[in-house]
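So this block is entry00.cif, mmCIF, C-alpha atoms:
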data_structure
loop_
_atom_site.label_atom_id
_atom_site.label_comp_id
_atom_site.auth_asym_id
_atom_site.auth_seq_id
_atom_site.Cartn_x
_atom_site.Cartn_y
_atom_site.Cartn_z
CA MET A 260 18.85 49.29 -1.91
CA VAL A 261 15.37 50.11 -0.76
CA ASP A 262 15.05 50.77 2.94
CA ILE A 263 11.52 50.03 4.09
CA ASN A 264 11.95 51.81 7.41
CA GLY A 265 13.96 54.71 6.04
CA SER A 266 12.79 58.27 6.23
CA LYS A 267 12.44 58.51 2.45
CA PRO A 268 9.12 57.38 0.98
CA ILE A 269 9.48 54.01 -0.72
CA TYR A 270 8.15 55.26 -4.06
CA ILE A 271 10.89 57.91 -4.14
CA GLN A 272 13.46 55.22 -3.37
CA ILE A 273 12.10 53.13 -6.26
CA ALA A 274 12.34 56.12 -8.62
CA GLU A 275 15.89 56.76 -7.47
CA TRP A 276 16.85 53.12 -7.90
CA VAL A 277 15.69 53.22 -11.54
CA GLU A 278 17.50 56.54 -12.00
CA ASN A 279 20.71 55.03 -10.67
CA GLU A 280 20.35 52.12 -13.08
CA ILE A 281 20.01 54.64 -15.91
CA LEU A 282 23.04 56.61 -14.69
CA ARG A 283 25.07 53.40 -14.54
CA GLY A 284 24.03 52.61 -18.09
CA HIS A 285 22.05 49.47 -17.19
CA PHE A 286 19.00 51.04 -18.86
CA LYS A 287 19.83 52.94 -22.05
CA PRO A 288 17.60 55.36 -24.00
CA ASN A 289 14.59 53.51 -25.43
CA ASP A 290 15.20 50.47 -23.20
CA LYS A 291 12.16 49.17 -21.36
CA VAL A 292 12.43 49.68 -17.60
CA HIS A 293 11.06 47.13 -15.11
CA SER A 294 7.29 47.01 -14.76
CA GLN A 295 5.57 47.86 -11.48
CA TYR A 296 5.09 44.13 -10.90
CA THR A 297 8.76 43.27 -11.40
CA LEU A 298 9.78 46.12 -9.09
CA ALA A 299 7.18 45.01 -6.51
CA ASP A 300 8.62 41.49 -6.54
CA MET A 301 12.25 42.69 -6.44
CA PHE A 302 11.76 45.02 -3.50
CA ASN A 303 8.94 43.17 -1.75
CA ILE A 304 6.51 46.08 -1.92
CA ASN A 305 2.95 46.69 -3.08
CA PRO A 306 2.78 47.19 -6.88
CA ALA A 307 0.82 50.44 -6.39
CA THR A 308 3.83 51.87 -4.55
CA ALA A 309 6.13 50.77 -7.37
CA ALA A 310 3.73 52.33 -9.90
CA LYS A 311 3.87 55.60 -8.01
CA GLY A 312 7.67 55.54 -8.31
CA LEU A 313 7.42 54.97 -12.06
CA ASN A 314 4.93 57.85 -12.32
CA VAL A 315 7.45 60.19 -10.73
CA LEU A 316 9.90 59.21 -13.48
CA HIS A 317 7.20 59.76 -16.08
CA ASP A 318 6.33 63.22 -14.71
CA ASP A 319 10.01 64.13 -14.83
CA ARG A 320 10.24 62.90 -18.46
CA ILE A 321 12.83 60.29 -17.56
CA VAL A 322 10.63 57.54 -18.98
CA TYR A 323 7.82 57.58 -21.54
CA ASN A 324 4.77 55.36 -21.91
CA LYS A 325 4.11 52.95 -24.72
CA ARG A 326 0.52 51.89 -24.43
CA GLY A 327 0.26 48.29 -23.31
CA LEU A 328 4.02 47.76 -23.54
CA GLY A 329 5.34 49.58 -20.50
CA LYS A 330 7.70 52.42 -19.74
CA PHE A 331 10.84 53.24 -21.72
CA VAL A 332 13.86 55.46 -21.08
CA THR A 333 13.79 58.83 -22.85
CA ASP A 334 16.74 60.15 -24.86
CA ASP A 335 17.39 62.93 -22.34
CA ALA A 336 16.94 60.75 -19.26
CA LYS A 337 20.52 60.95 -18.06
CA ALA A 338 20.77 64.72 -18.43
CA ILE A 339 17.42 65.21 -16.66
CA ILE A 340 18.46 62.98 -13.75
CA LEU A 341 21.78 64.79 -13.31
CA GLU A 342 20.05 68.17 -13.36
CA LYS A 343 17.39 66.93 -10.91
CA ARG A 344 19.97 65.53 -8.50
CA LYS A 345 21.93 68.78 -8.65
CA ASN A 346 18.90 70.97 -8.03
CA GLU A 347 17.11 68.81 -5.48
CA THR A 348 19.37 66.35 -3.74
CA LEU A 349 22.56 68.38 -3.68
CA LYS A 350 20.88 71.64 -2.72
CA ARG A 351 18.97 69.91 0.06
CA LEU A 352 22.12 68.31 1.41
CA LEU A 353 23.90 71.66 1.33
CA ARG A 354 20.98 73.32 3.09
CA ASP A 355 21.11 70.66 5.81
CA VAL A 356 24.82 71.33 6.20
CA VAL A 357 24.19 75.06 6.58
CA ILE A 358 21.42 74.46 9.15
CA GLU A 359 23.63 72.09 11.14
CA ALA A 360 26.54 74.56 10.97
CA ASN A 361 24.23 77.22 12.40
CA HIS A 362 23.31 74.91 15.27
CA LEU A 363 26.99 74.38 15.98
CA GLN A 364 27.68 78.11 15.65
CA ILE A 365 30.26 77.61 12.95
CA ASP A 366 30.85 80.78 10.95
CA GLU A 367 30.81 80.98 7.16
CA GLN A 368 34.57 81.01 6.72
CA GLU A 369 35.05 77.94 8.89
CA LEU A 370 32.36 76.10 6.93
CA ARG A 371 33.99 77.04 3.63
CA ASP A 372 37.36 75.83 4.93
CA MET A 373 35.81 72.54 6.01
CA LEU A 374 34.21 72.06 2.59
CA GLU A 375 37.52 72.74 0.86
CA ASP A 376 39.24 70.20 3.12
CA VAL A 377 36.64 67.57 2.22
CA ILE A 378 37.06 68.33 -1.50
CA ARG A 379 40.83 68.04 -1.18
CA ASP A 380 40.60 64.76 0.77
CA HIS A 381 38.19 63.33 -1.77
CA LYS A 382 40.53 64.22 -4.65
CA GLY A 383 43.37 62.57 -2.74
CA GLU A 384 41.36 59.37 -2.30
CA LYS A 385 40.59 59.20 -5.99
CA THR A 386 44.19 59.48 -7.23
CA MET B 13 -14.97 48.19 -9.74
CA ASN B 14 -16.10 48.34 -6.13
CA VAL B 15 -15.93 44.93 -4.50
CA ILE B 16 -17.13 46.16 -1.12
CA GLU B 17 -19.63 48.93 -0.40
CA THR B 18 -21.07 49.61 3.02
CA THR B 19 -23.40 52.44 4.02
CA GLY B 20 -24.13 53.24 7.64
CA LEU B 21 -23.25 49.66 8.52
CA THR B 22 -23.92 48.97 12.19
CA LYS B 23 -23.69 45.89 14.39
CA THR B 24 -25.01 46.03 17.92
CA TYR B 25 -24.20 43.54 20.66
CA ARG B 26 -26.12 44.06 23.90
CA ARG B 27 -26.80 47.71 23.10
CA MET B 28 -23.09 48.32 22.37
CA ASN B 29 -22.25 49.27 18.79
CA ALA B 30 -19.32 47.06 17.82
CA VAL B 31 -19.45 48.59 14.35
CA ASP B 32 -21.08 51.98 14.17
CA ASP B 33 -22.42 53.78 11.07
CA PHE B 34 -19.57 52.49 8.92
CA THR B 35 -19.45 53.70 5.32
CA VAL B 36 -16.64 52.58 3.06
CA THR B 37 -15.95 51.37 -0.48
CA ILE B 38 -13.07 49.13 -1.44
CA ASN B 39 -11.87 48.68 -5.00
CA ASP B 40 -11.00 45.40 -6.62
CA ASN B 41 -7.37 44.30 -6.87
CA THR B 42 -6.10 46.10 -3.81
CA ILE B 43 -4.53 44.96 -0.56
CA THR B 44 -6.03 46.86 2.36
CA GLY B 45 -4.79 46.73 5.92
CA VAL B 46 -7.55 46.88 8.54
CA ILE B 47 -5.96 48.48 11.57
CA GLY B 48 -7.37 49.27 15.00
CA ARG B 49 -6.90 48.75 18.71
CA ASN B 50 -8.17 45.69 20.55
CA GLY B 51 -11.95 45.73 20.49
CA ALA B 52 -12.15 48.43 17.82
CA GLY B 53 -14.56 46.33 15.77
CA LYS B 54 -12.23 44.88 13.14
CA THR B 55 -13.38 41.29 13.48
CA THR B 56 -17.07 42.23 13.56
CA LEU B 57 -16.66 44.26 10.36
CA LEU B 58 -14.74 41.50 8.59
CA LYS B 59 -17.31 38.87 9.61
CA MET B 60 -20.13 40.98 8.19
CA LEU B 61 -18.20 41.42 4.94
CA ALA B 62 -17.67 37.67 4.74
CA GLY B 63 -21.37 37.06 5.38
CA LEU B 64 -20.77 35.15 8.61
CA ILE B 65 -22.90 37.47 10.72
CA LYS B 66 -25.80 39.75 9.88
CA GLU B 67 -25.75 43.52 10.34
CA THR B 68 -28.13 45.22 12.81
CA SER B 69 -28.76 48.12 10.46
CA GLY B 70 -27.28 49.85 7.45
CA ASP B 71 -26.24 48.16 4.23
CA VAL B 72 -23.38 45.97 3.11
CA ARG B 73 -22.70 44.87 -0.49
CA VAL B 74 -20.01 42.46 -1.61
CA PHE B 75 -19.88 41.96 -5.38
CA HIS B 76 -23.13 43.99 -5.35
CA GLU B 77 -24.87 41.33 -3.27
CA HIS B 78 -25.80 41.02 0.37
CA PRO B 79 -23.11 38.64 1.66
CA PHE B 80 -25.19 37.15 4.49
CA ASN B 81 -27.56 35.44 2.09
CA SER B 82 -25.75 35.36 -1.24
CA LEU B 83 -24.32 32.10 -2.55
CA TYR B 84 -22.38 34.07 -5.13
CA ALA B 85 -20.67 36.26 -2.53
CA SER B 86 -20.04 33.22 -0.35
CA ALA B 87 -18.43 31.18 -3.12
CA ASN B 88 -16.16 34.07 -4.08
CA SER B 89 -14.96 35.13 -0.66
CA ILE B 90 -13.26 33.52 2.30
CA LEU B 91 -12.41 34.67 5.81
CA ILE B 92 -9.28 33.24 7.38
CA ASP B 93 -8.73 33.60 11.12
CA ASP B 94 -7.32 31.56 13.98
CA GLN B 95 -10.72 30.22 14.99
CA MET B 96 -11.40 28.40 11.75
CA LEU B 97 -12.88 25.03 12.47
CA PHE B 98 -12.00 22.14 10.21
CA PRO B 99 -13.56 18.69 10.60
CA GLU B 100 -11.43 16.65 12.99
CA ALA B 101 -12.01 13.48 11.03
CA LEU B 102 -9.98 14.75 8.08
CA THR B 103 -6.20 14.90 7.77
CA LEU B 104 -4.44 18.00 6.45
CA SER B 105 -4.05 16.57 2.96
CA GLU B 106 -7.71 15.59 2.94
CA LEU B 107 -8.58 19.16 3.91
CA LEU B 108 -6.62 20.44 0.92
CA ALA B 109 -8.47 17.97 -1.29
CA GLN B 110 -11.78 19.34 0.00
CA GLY B 111 -10.58 22.88 -0.73
CA ALA B 112 -9.95 21.84 -4.32
CA ARG B 113 -13.46 20.36 -4.52
CA PHE B 114 -15.17 23.45 -3.15
CA TYR B 115 -13.24 26.38 -4.67
CA PRO B 116 -13.18 26.53 -8.47
CA GLY B 117 -10.02 28.67 -8.48
CA TRP B 118 -8.10 26.38 -6.08
CA ASP B 119 -4.41 26.03 -6.99
CA GLU B 120 -3.39 22.54 -5.99
CA ALA B 121 0.29 22.79 -6.95
CA PHE B 122 0.66 26.08 -5.06
CA ALA B 123 -0.97 24.64 -1.92
CA GLN B 124 1.18 21.52 -2.07
CA GLN B 125 4.44 23.43 -2.53
CA LEU B 126 3.76 25.63 0.49
CA PHE B 127 2.55 22.59 2.45
CA ASP B 128 5.94 20.96 1.85
CA TYR B 129 7.97 24.13 2.32
CA PHE B 130 6.49 24.68 5.79
CA SER B 131 7.04 20.98 6.63
CA PHE B 132 3.47 19.83 7.16
CA GLU B 133 2.77 16.10 7.26
CA PRO B 134 -0.13 14.85 5.11
CA LYS B 135 -1.57 12.73 7.94
CA GLN B 136 -1.51 15.44 10.62
CA ILE B 137 -4.79 16.57 12.17
CA HIS B 138 -5.51 20.31 12.18
CA GLU B 139 -6.66 20.30 15.80
CA HIS B 140 -3.30 18.86 16.92
CA LEU B 141 -1.17 21.56 15.28
CA SER B 142 0.55 24.25 17.33
CA LYS B 143 -0.93 27.75 17.24
CA GLY B 144 1.61 29.02 14.73
CA LYS B 145 1.31 25.96 12.50
CA LYS B 146 -2.48 26.27 12.53
CA SER B 147 -2.22 29.88 11.40
CA THR B 148 0.27 28.93 8.69
CA PHE B 149 -1.99 26.17 7.38
CA ASN B 150 -5.03 28.47 7.43
CA MET B 151 -3.18 31.14 5.51
CA ILE B 152 -2.02 28.64 2.88
CA PHE B 153 -5.60 27.42 2.60
CA GLY B 154 -6.90 30.97 2.19
CA LEU B 155 -4.37 31.88 -0.47
CA ALA B 156 -4.89 28.65 -2.40
CA THR B 157 -8.62 29.34 -2.77
CA ARG B 158 -7.74 32.37 -4.93
CA CYS B 159 -11.09 33.84 -3.88
CA ALA B 160 -11.81 37.21 -5.51
CA LEU B 161 -12.25 38.55 -1.98
CA THR B 162 -9.83 37.06 0.52
CA ILE B 163 -10.02 38.31 4.11
CA PHE B 164 -7.36 37.57 6.71
CA ASP B 165 -8.19 38.41 10.31
CA GLU B 166 -4.96 38.45 12.31
CA PRO B 167 -3.53 35.70 10.09
CA THR B 168 -0.10 35.51 11.72
CA THR B 169 -1.17 34.72 15.31
CA GLY B 170 1.42 32.44 16.87
CA MET B 171 3.76 32.39 13.86
CA ASP B 172 7.42 33.04 14.55
CA ALA B 173 9.05 36.09 12.96
CA ALA B 174 10.64 34.13 10.10
CA VAL B 175 7.37 32.45 9.11
CA ARG B 176 5.49 35.77 9.31
CA LYS B 177 8.00 37.34 6.96
CA ASP B 178 7.79 34.36 4.60
CA MET B 179 4.00 34.34 4.58
CA TYR B 180 3.71 38.05 3.78
CA ARG B 181 6.17 37.52 0.94
CA VAL B 182 4.08 34.58 -0.30
CA LEU B 183 0.96 36.72 -0.11
CA LEU B 184 2.57 39.52 -2.12
CA LYS B 185 3.98 37.21 -4.79
CA ASP B 186 0.70 35.37 -5.15
CA TYR B 187 -1.14 38.69 -5.38
CA LEU B 188 1.22 39.87 -8.13
CA ALA B 189 0.56 36.69 -10.10
CA HIS B 190 -3.19 36.60 -9.31
CA PRO B 191 -4.47 40.09 -8.44
CA ARG B 192 -7.56 40.07 -6.25
CA THR B 193 -9.06 42.00 -3.35
CA ILE B 194 -7.36 41.22 -0.07
CA LEU B 195 -8.10 42.55 3.40
CA ILE B 196 -5.69 41.92 6.26
CA SER B 197 -6.24 42.94 9.83
CA SER B 198 -3.16 43.13 11.96
CA HIS B 199 -1.85 44.55 15.20
CA HIS B 200 1.58 44.81 13.65
CA LEU B 201 1.21 47.37 10.90
CA GLU B 202 4.98 47.78 10.61
CA GLU B 203 5.23 44.14 9.53
CA VAL B 204 2.69 44.40 6.71
CA GLU B 205 2.70 48.02 5.61
CA HIS B 206 5.16 47.41 2.75
CA ILE B 207 2.76 45.07 0.97
CA LEU B 208 -0.36 47.17 1.59
CA GLU B 209 -1.84 49.69 -0.81
CA ASN B 210 -4.43 51.20 1.54
CA ILE B 211 -5.07 51.41 5.24
CA LEU B 212 -8.44 51.42 6.94
CA LEU B 213 -8.17 52.67 10.51
CA ILE B 214 -11.02 51.71 12.82
CA ASP B 215 -11.58 53.28 16.19
CA ASP B 216 -14.51 52.47 18.48
CA GLY B 217 -16.40 50.82 15.63
CA THR B 218 -16.20 53.86 13.38
CA LEU B 219 -14.09 54.56 10.33
CA HIS B 220 -11.27 56.85 11.39
CA LEU B 221 -9.49 57.10 8.07
CA HIS B 222 -9.11 55.30 4.75
CA LYS B 223 -5.94 56.34 2.95
CA SER B 224 -3.11 54.97 0.89
CA VAL B 225 -0.06 53.88 2.87
CA GLU B 226 1.98 56.53 1.07
CA GLU B 227 -0.44 59.26 2.17
CA LEU B 228 -0.36 57.98 5.73
CA LYS B 229 3.44 58.16 5.70
CA GLU B 230 3.21 61.86 5.03
CA TYR B 231 0.25 62.43 7.32
CA ALA B 232 2.23 63.64 10.33
CA VAL B 233 5.70 64.75 11.39
CA ARG B 234 7.59 64.66 14.66
CA LEU B 235 9.10 67.93 15.85
CA THR B 236 11.60 68.26 18.66
CA GLY B 237 12.60 71.60 20.09
CA PRO B 238 12.68 73.98 23.06
CA THR B 239 9.41 73.71 24.98
CA ALA B 240 8.65 77.42 25.10
CA LEU B 241 9.32 78.07 21.41
CA LEU B 242 7.67 74.91 20.16
CA GLY B 243 4.68 75.30 22.47
CA GLN B 244 4.02 78.76 21.12
CA TRP B 245 4.49 77.67 17.50
CA LEU B 246 1.94 74.88 17.99
CA TYR B 247 -0.90 77.38 18.35
CA ASN B 248 -3.50 76.48 15.71
CA LYS B 249 -1.73 73.23 14.79
CA ASP B 250 -3.31 69.82 14.98
CA VAL B 251 -1.34 68.03 17.71
CA LEU B 252 -1.58 64.23 17.80
CA HIS B 253 0.94 63.48 20.50
CA LYS B 254 3.04 65.37 23.00
CA LYS B 255 5.97 64.27 25.08
CA GLN B 256 8.15 66.25 27.44
CA HIS B 257 11.78 65.15 27.07
CA SER B 258 13.20 67.31 29.82
CA SER B 259 12.08 70.53 31.46
CA ASP B 260 13.02 72.56 28.40
CA MET B 261 12.84 70.09 25.49
CA MET B 262 9.62 68.76 24.01
CA GLU B 263 8.64 66.35 21.28
CA VAL B 264 5.34 66.68 19.42
CA VAL B 265 3.67 64.84 16.57
CA VAL B 266 1.55 67.18 14.45
CA LYS B 267 -0.56 66.79 11.37
CA ARG B 268 1.52 67.82 8.40
CA ASP B 269 -0.55 70.63 6.91
CA PHE B 270 2.20 73.24 6.70
CA PRO B 271 5.46 73.49 4.73
CA LEU B 272 8.20 71.58 6.56
CA GLU B 273 10.70 74.36 5.86
CA GLN B 274 8.64 76.52 8.20
CA ALA B 275 9.45 74.20 11.11
CA GLU B 276 13.05 73.70 10.05
CA ARG B 277 13.64 77.44 9.92
CA MET B 278 12.50 77.64 13.53
CA GLY B 279 15.32 75.24 14.35
CA PHE B 280 13.06 72.31 15.27
CA HIS B 281 14.33 68.84 14.57
CA VAL B 282 11.94 67.31 12.02
CA THR B 283 11.58 63.54 11.60
CA PRO B 284 9.03 61.34 9.82
CA VAL B 285 6.43 59.34 11.72
CA ALA B 286 5.88 55.71 10.75
CA PRO B 287 2.30 54.80 9.72
CA SER B 288 2.00 52.43 12.67
CA ASP B 289 2.81 55.28 15.05
CA VAL B 290 0.36 57.59 13.28
CA CYS B 291 -2.34 54.97 13.87
CA ILE B 292 -1.43 54.67 17.54
CA TYR B 293 -1.50 58.45 18.07
CA LEU B 294 -4.76 58.87 16.15
CA THR B 295 -6.51 56.29 18.28
CA ALA B 296 -4.89 57.21 21.60
CA LYS B 297 -7.21 58.30 24.38
CA SER B 298 -5.01 61.22 25.44
CA GLU B 299 -2.20 63.31 23.97
CA GLY B 300 0.46 61.89 26.24
CA GLY B 301 -0.58 58.23 25.99
CA ILE B 302 0.21 55.87 28.85
CA ASP B 303 2.60 58.39 30.42
CA ASP B 304 -0.42 60.52 31.42
CA VAL B 305 -1.49 57.78 33.82
CA PHE B 306 1.71 58.27 35.84
CA LYS B 307 1.45 62.04 36.15
#
Is it possible to give me this structure as structure tokens?
Amino acid sequence: MVDINGSKPIYIQIAEWVENEILRGHFKPNDKVHSQYTLADMFNINPATAAKGLNVLHDDRIVYNKRGLGKFVTDDAKAIILEKRKNETLKRLLRDVVIEANHLQIDEQELRDMLEDVIRDHKGEKT
Amino acid sequence: MNVIETTGLTKTYRRMNAVDDFTVTINDNTITGVIGRNGAGKTTLLKMLAGLIKETSGDVRVFHEHPFNSLYASANSILIDDQMLFPEALTLSELLAQGARFYPGWDEAFAQQLFDYFSFEPKQIHEHLSKGKKSTFNMIFGLATRCALTIFDEPTTGMDAAVRKDMYRVLLKDYLAHPRTILISSHHLEEVEHILENILLIDDGTLHLHKSVEELKEYAVRLTGPTALLGQWLYNKDVLHKKQHSSDMMEVVVKRDFPLEQAERMGFHVTPVAPSDVCIYLTAKSEGGIDDVFK
């Protein structure tokens, strides 16, 4: 959900919400995504903020414009989102982990071991 | 289209400039928050825009007309505040009927639904309402006019938190259905910022900044770190606020005109600053705020 007081700008949260809907298959290629007005109503935000979120998706070629009709999901949307999350979100999270590890004076090997533990635990939870 | 244009707008009361050389343009179909400290000149500015008082010098245009003596501007704008006077001889439902008679865009069904939702009684007299109920009624009245320029000056005075939240939601939904130019002044930016597009910050009668809410969110960052290191790093930076946590830890709010990675690499803790805090720091009289008084 959108967190008004969160540290992430609301328009980014809106873009990510639409991306998640695409990843979950709720919006398929060539489906129309919600308009800025629908998003504004849903998340109780100014429509200009919602429009800015949609523009991010447009710049990233996740949606395309049909004049007067709205914004639609591109064929490559899913692949683009996955690539974007990998390159931006995941790398940022990893960088934060490395910075925090430095603060705590954890050496590289210990950090690697911790990561492997987490991966193993996560696999265990899934099965 | 520009709905509001002012150039060098000034209002002087007893040789004090309440509004001082104020130049701003506001586009149609936007919601703008008018933010400022007590006595910053918000009300004076809004009253001049609504044509209720006349400027001392400078120029003000609303729908390209001079609001103080334009019937057109007057019929298409309304100012809602907690000092609105309604005739005491009329009941609340009679007041709504008069609204319908005066404002061509008046939405009777909308007014009635909100009237019922907030549990008003048709025969009540405006003067006898509690502070919060008065504000609620005034806000309903203002929204129902659907005026192309609707100005709210501290519209939520006296309302409880639940009603404030409801009314801002009503305002947003009504704006989505009927886009128009809305100005809202408020002391509680954090309560309205989500529905605003732009913010107009007034300080000592002058325009301090006019930016989108999103820009204001990225205007400044808060850095926390060792006093010596941070203090040195701050050289040449635009510091808005400083606070000493302990003898060796310091917190500063700086204008964000450098890559954040730069600060992170130094090991400073970087956190965002809410727009309401940015406004407070920008209009503070000293870097340390009230704490400076106790030094």
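In this comparison, which uses only C-alpha atoms, the residue of A:Val332, A:Ala274, A:Ile281, A:Ile358 approaching chain B most closely is A:Ile358.
The environment of His140 (chain B) within 12 Å, counting only C-alpha atoms and disregarding residues fewer than 5 places along the same chain, consists of Phe98, Glu100, Ala101, Leu102, Thr103, Leu104, Phe132, Glu133, Lys135, Lys145 and Lys146 of chain B.
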Check: So which residues touch Pro288 (chain A) within 12 Å, counting all atoms listed in the file, skipping near sequence neighbours fewer than 6 positions away, as a ChimeraX atom specification?
Finding: /A:280-282,320-323,330-338
Notebook entry, point to check: Near Thr168 (chain B), counting all atoms listed in the file, which residues have an atom at most 12 Å away, once you skip same-chain residues fewer than 5 positions from it, shown as a ChimeraX atom specification?
Noted result: /B:92-94,143-152,173-180,183,196-201,203-204
For a quick test of understanding: name the residues of chain A lying within 12 Å of chain B when counting all atoms listed in the file, and present them as an mmCIF file with C-alpha atoms, in the frame of the given file.
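Below is the file that was written, part-v2.cif:
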data_model
loop_
_atom_site.group_PDB
_atom_site.id
_atom_site.type_symbol
_atom_site.label_atom_id
_atom_site.label_comp_id
_atom_site.auth_asym_id
_atom_site.auth_seq_id
_atom_site.Cartn_x
_atom_site.Cartn_y
_atom_site.Cartn_z
ATOM 1 C CA VAL A 261 15.370 50.110 -0.760
ATOM 2 C CA ASP A 262 15.050 50.770 2.940
ATOM 3 C CA ILE A 263 11.520 50.030 4.090
ATOM 4 C CA ASN A 264 11.950 51.810 7.410
ATOM 5 C CA GLY A 265 13.960 54.710 6.040
ATOM 6 C CA SER A 266 12.790 58.270 6.230
ATOM 7 C CA LYS A 267 12.440 58.510 2.450
ATOM 8 C CA PRO A 268 9.120 57.380 0.980
ATOM 9 C CA ILE A 269 9.480 54.010 -0.720
ATOM 10 C CA TYR A 270 8.150 55.260 -4.060
ATOM 11 C CA ILE A 271 10.890 57.910 -4.140
ATOM 12 C CA SER A 294 7.290 47.010 -14.760
ATOM 13 C CA GLN A 295 5.570 47.860 -11.480
ATOM 14 C CA TYR A 296 5.090 44.130 -10.900
ATOM 15 C CA THR A 297 8.760 43.270 -11.400
ATOM 16 C CA LEU A 298 9.780 46.120 -9.090
ATOM 17 C CA ALA A 299 7.180 45.010 -6.510
ATOM 18 C CA ASP A 300 8.620 41.490 -6.540
ATOM 19 C CA MET A 301 12.250 42.690 -6.440
ATOM 20 C CA PHE A 302 11.760 45.020 -3.500
ATOM 21 C CA ASN A 303 8.940 43.170 -1.750
ATOM 22 C CA ILE A 304 6.510 46.080 -1.920
ATOM 23 C CA ASN A 305 2.950 46.690 -3.080
ATOM 24 C CA PRO A 306 2.780 47.190 -6.880
ATOM 25 C CA ALA A 307 0.820 50.440 -6.390
ATOM 26 C CA THR A 308 3.830 51.870 -4.550
ATOM 27 C CA ALA A 309 6.130 50.770 -7.370
ATOM 28 C CA ALA A 310 3.730 52.330 -9.900
ATOM 29 C CA LYS A 311 3.870 55.600 -8.010
ATOM 30 C CA GLY A 312 7.670 55.540 -8.310
ATOM 31 C CA ARG A 351 18.970 69.910 0.060
ATOM 32 C CA ARG A 354 20.980 73.320 3.090
ATOM 33 C CA ASP A 355 21.110 70.660 5.810
ATOM 34 C CA VAL A 357 24.190 75.060 6.580
ATOM 35 C CA ILE A 358 21.420 74.460 9.150
ATOM 36 C CA GLU A 359 23.630 72.090 11.140
ATOM 37 C CA ALA A 360 26.540 74.560 10.970
ATOM 38 C CA ASN A 361 24.230 77.220 12.400
ATOM 39 C CA HIS A 362 23.310 74.910 15.270
ATOM 40 C CA LEU A 363 26.990 74.380 15.980
#
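For the pair CA of Leu57 (chain B) and CA of Arg113 (chain B), the interatomic distance is 28.3 Å.
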Checklist line | Between CA of Asp215 (chain B) and CA of Ile292 (chain B), distance in Å (one decimal) | finding: 10.3 Å
Can you list, as an mmCIF file with C-alpha atoms, in the coordinates of the input, the residues that the PyMOL selection byres ((chain B and resi 70-83) around 8) selects here?
data_model
loop_
_atom_site.group_PDB
_atom_site.id
_atom_site.type_symbol
_atom_site.label_atom_id
_atom_site.label_comp_id
_atom_site.auth_asym_id
_atom_site.auth_seq_id
_atom_site.Cartn_x
_atom_site.Cartn_y
_atom_site.Cartn_z
ATOM 1 C CA ASN B 14 -16.100 48.340 -6.130
ATOM 2 C CA VAL B 15 -15.930 44.930 -4.500
ATOM 3 C CA ILE B 16 -17.130 46.160 -1.120
ATOM 4 C CA GLU B 17 -19.630 48.930 -0.400
ATOM 5 C CA THR B 18 -21.070 49.610 3.020
ATOM 6 C CA THR B 19 -23.400 52.440 4.020
ATOM 7 C CA GLY B 20 -24.130 53.240 7.640
ATOM 8 C CA LEU B 21 -23.250 49.660 8.520
ATOM 9 C CA THR B 22 -23.920 48.970 12.190
ATOM 10 C CA ASP B 33 -22.420 53.780 11.070
ATOM 11 C CA MET B 60 -20.130 40.980 8.190
ATOM 12 C CA LEU B 61 -18.200 41.420 4.940
ATOM 13 C CA ALA B 62 -17.670 37.670 4.740
ATOM 14 C CA GLY B 63 -21.370 37.060 5.380
ATOM 15 C CA LEU B 64 -20.770 35.150 8.610
ATOM 16 C CA ILE B 65 -22.900 37.470 10.720
ATOM 17 C CA LYS B 66 -25.800 39.750 9.880
ATOM 18 C CA GLU B 67 -25.750 43.520 10.340
ATOM 19 C CA THR B 68 -28.130 45.220 12.810
ATOM 20 C CA SER B 69 -28.760 48.120 10.460
ATOM 21 C CA TYR B 84 -22.380 34.070 -5.130
ATOM 22 C CA ALA B 85 -20.670 36.260 -2.530
ATOM 23 C CA SER B 86 -20.040 33.220 -0.350
ATOM 24 C CA ALA B 87 -18.430 31.180 -3.120
#
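CA of His253 (chain B) sits 28.6 Å away from CA of Asp165 (chain B).
If you measure from each of B:Ile163, B:Ser105, B:Ile211, B:Thr218 to Ala30 (chain B) using only C-alpha atoms, the closest one turns out to be B:Thr218.
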Kindly provide, as JSON, the centre and edge lengths (Å, one decimal) of an axis-aligned box around all atoms of region 318-331 of chain A given in the file, with 3 Å on each side.
{"center_x": 6.5, "center_y": 55.9, "center_z": -19.7, "size_x": 18.6, "size_y": 22.4, "size_z": 16.0}
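Once the PyMOL selection byres ((chain B and resi 161) around 8) is applied to the depicted file, the selected set reads Val15, Asn88, Ser89, Ile90, Cys159, Ala160, Thr162, Ile163, Arg192, Thr193, Ile194 and Leu195 of chain B.
Nearest to Asn314 (chain A) of all the residues A:His285, A:Val277, A:Lys345, A:Leu328 is A:Val277, based on all atoms listed in the file.
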